[in-house]
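Novice: Have a look at this one.
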Amino acid sequence: MGRPEAWRRLGGTVKRDLGRPPARASWTAPRAPSVERLTPPPTIPPVTDLAVPPRFLEDVYQAASECNKCSLCQAVCPTYVTNPVEWETARGRVSLIRDAIEGRIELRDIADGPLSTCLTCDNCVAACAPRVPTSLIVSRARMELHEQEGHPWGQSFAFRSILPRPGALRFLHGLSRAAQVTGLHALARFTGLSRWLGTGGALMEHVGPLPRQTAYRRARDLPAVTAPVRGRVGFLVCCYQNLAVPQATEATMRVLLANGYEVIVPQLACSGLPAKSLGDREAMTDMAAANVDVLRDVDVDMLVGDVASCTSHYRQYDTILAGDAQHAADGARIARRTLLATELLADAGQRAELGPLRWRVAIDEPCSLPIDGPARSAARRLLEAVPRLTLVPLEEAAMCCGGPGMYFHEQPERSEAILQRKFEHVVASGAAVLVTENVSCLLQLRNGAARYAPGVRVMHVFEVLNESLQTAQRRAAIIPE
């Protein structure tokens, strides 16, 4: 089936060059079309804002109509700077989605490309004068597409039978650990069998061997809170980090305890963020409602998380559950009481003694952090308190690393090109440690460091703070006051 004219006028195709190393993607990039070419073809009369009744997506149609085609999004879009084709920009994607809303094309016509390659990082919003919420528009378009076309069975199974069930996640962890202990995991990676296992195999390659204990298990052996107690927090454990990087969550809990916060760890399902990203609105809402049922009776002062994307998603429970009479009020209350752990501690101030770390550290800012506000600077404020630690600037620190969700598997060439660009800046910074606070970023950046900067350690911000606390404790044991 040929592409509609609305698609062709935005031009550009991915070209796979199998003779080149996989780390470098090669694209054919046609001459960037002018703003005039983004107007409807002559056979279709031009429209003004909301002149055509929207066929669907009424909730984002006005926002999609506010793009002024200024092209400032081009310079800050990770996919565009590595593949300079118009539909890779926010204005190109939004223009095509609006064409679909108004009936010029169908969403299925842009499913492979404009809808599938967007990282939903919202980096474009920082450069956008009218603040067009591109990630929201793309996410809603994906939801509408799947409501029209249905969901892949594997994705539907994962969102309805695995991610909402903590027991199923524990079973998968045990199964993976058994494969590691028996050597099957290493054999699958060595022989390349994992590459034939689809999404599961790609995740196995990306994450690597899982630690023996999950974050939930590690939470049982934490020390007591350091008096005097400043508050009681409920910890929102990310289901992905719980399995893949539990030491980061353990470090966060230890730092909070050392700073006077009692930590309560409720057993939660997935926050629902993966379902939102891939367009399954029903599964997203169901997972949010299930977590609200758990959190409703948790007696804490506030809720905190140490994964920027998941924590941000919990803060959207008010809008996600607005149409659910049974969960709307509690969803709104949870959204209001949820904070990122770095933001909580940076605002309240660190009370625990920090020891010196003679490290050169660069901060990679997760794109899921709010564009404005204190959360984006919280990690820097915390690390500036560590004695002898040197913070070095990182070019394009807020640019996405290309690793959200399964993007590394579904768009491997784009993901790798974006990651390589990121590490060109990391190497140029001279940092020995790269810090972030999002699990997808942690795993993506660790893979990037292994390929492009083997001498660079990638750590969660609270792993650095916990190391500083331990240094202070060791010094105190050797040199008592």
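Residues are referred to by chain and number: the chain letter is A, B, ... according to the order shown in the structure tokens, the number counts from 1 in that chain, and ligands are numbered separately from 1 in the order shown.
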Enumerate as an MDAnalysis selection string all residues of stretch 430-469 of chain A assigned to strand (DSSP E) by DSSP on the backbone, naming them with the chain letters and numbers the document uses.
Specialist: chainID A and resid 433:436 457:460
Novice: Would you export the selected residues with N, CA and C atoms as a compact mmCIF listing (two decimals), in the first residue's frame, please?
Specialist:
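What landed in part.txt:
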# COMPACT_ATOMS: atom_id res chain seq x y z
N VAL A 433 32.68 9.18 36.25
CA VAL A 433 31.42 8.61 36.71
C VAL A 433 30.28 9.37 36.03
N LEU A 434 29.34 8.64 35.47
CA LEU A 434 28.15 9.22 34.86
C LEU A 434 26.96 8.87 35.72
N VAL A 435 26.21 9.88 36.15
CA VAL A 435 25.13 9.69 37.13
C VAL A 435 23.78 10.00 36.48
N THR A 436 22.78 9.21 36.81
CA THR A 436 21.42 9.46 36.38
C THR A 436 20.47 8.97 37.46
N ARG A 457 32.19 4.72 34.90
CA ARG A 457 31.18 4.01 35.70
C ARG A 457 29.85 4.74 35.58
N VAL A 458 28.78 3.98 35.44
CA VAL A 458 27.43 4.56 35.38
C VAL A 458 26.71 4.18 36.67
N MET A 459 26.24 5.18 37.40
CA MET A 459 25.65 4.95 38.71
C MET A 459 24.37 5.77 38.88
N HIS A 460 23.51 5.27 39.75
CA HIS A 460 22.35 6.05 40.19
C HIS A 460 22.86 7.10 41.16
Novice: Please provide as a PyMOL selection string all residues within 10 Å of A:Arg388, with the sequence filter that same-chain residues fewer than 5 positions apart are discarded (counting only C-alpha atoms).
Specialist: chain A and resi 355-360
Novice: Leaving out stretch 130-142 of chain A and any residue of its chain fewer than 6 positions from it, which residues lie within 10 Å of it when counting only C-alpha atoms, given as a VMD selection string?
Specialist: chain A and resid 56 to 57 59 to 68 89 to 91 93 to 94 97 to 98 100 to 101 107 to 108 111 114 to 116 118 to 124 148 275 to 281
Novice: Just to confirm, what's the straight-line distance from atom CA of A:His425 to atom CA of A:Thr390 in Å (one decimal)?
Specialist: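 So the answer is 17.1 Å.
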Novice: Pick out the closest residue to A:Gly448 from this set: A:His206, A:Pro266, A:Thr226, A:Tyr407. Count only C-alpha atoms.
Specialist: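 Ranking A:His206, A:Pro266, A:Thr226, A:Tyr407 by distance to A:Gly448, first place goes to A:His206.
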Novice: Rank nothing, just name the residue among A:Asp286, A:Gly92, A:Ile371, A:Asp306 nearest to A:Arg165, using only C-alpha atoms.
Specialist: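 That would be A:Asp286, the residue with the smallest distance to A:Arg165.
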Novice: Please run DSSP on the backbone and report, as a ChimeraX atom specification, all residues within stretch 21-264 of chain A that come out as helix (DSSP H, G or I).
Specialist: /A:35-38,58-64,72-76,78-82,86-88,90-102,107-115,123-127,134-149,153-162,166-181,184-191,193-196,198-207,215-221,239-244,246-258
Novice: When you count only C-alpha atoms, which of these residues is closest to A:Ser368: A:Met287, A:Cys238, A:Leu339, A:Ala398?
Specialist: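 Distance minimum relative to A:Ser368 lands on A:Ala398.
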Novice: Of the candidates A:Val427, A:Ala288, A:Arg160, A:Val225, which one gets nearest to A:Asp318 if we count only C-alpha atoms?
Specialist: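 Going through A:Val427, A:Ala288, A:Arg160, A:Val225 one by one, the smallest distance to A:Asp318 is for A:Ala288.
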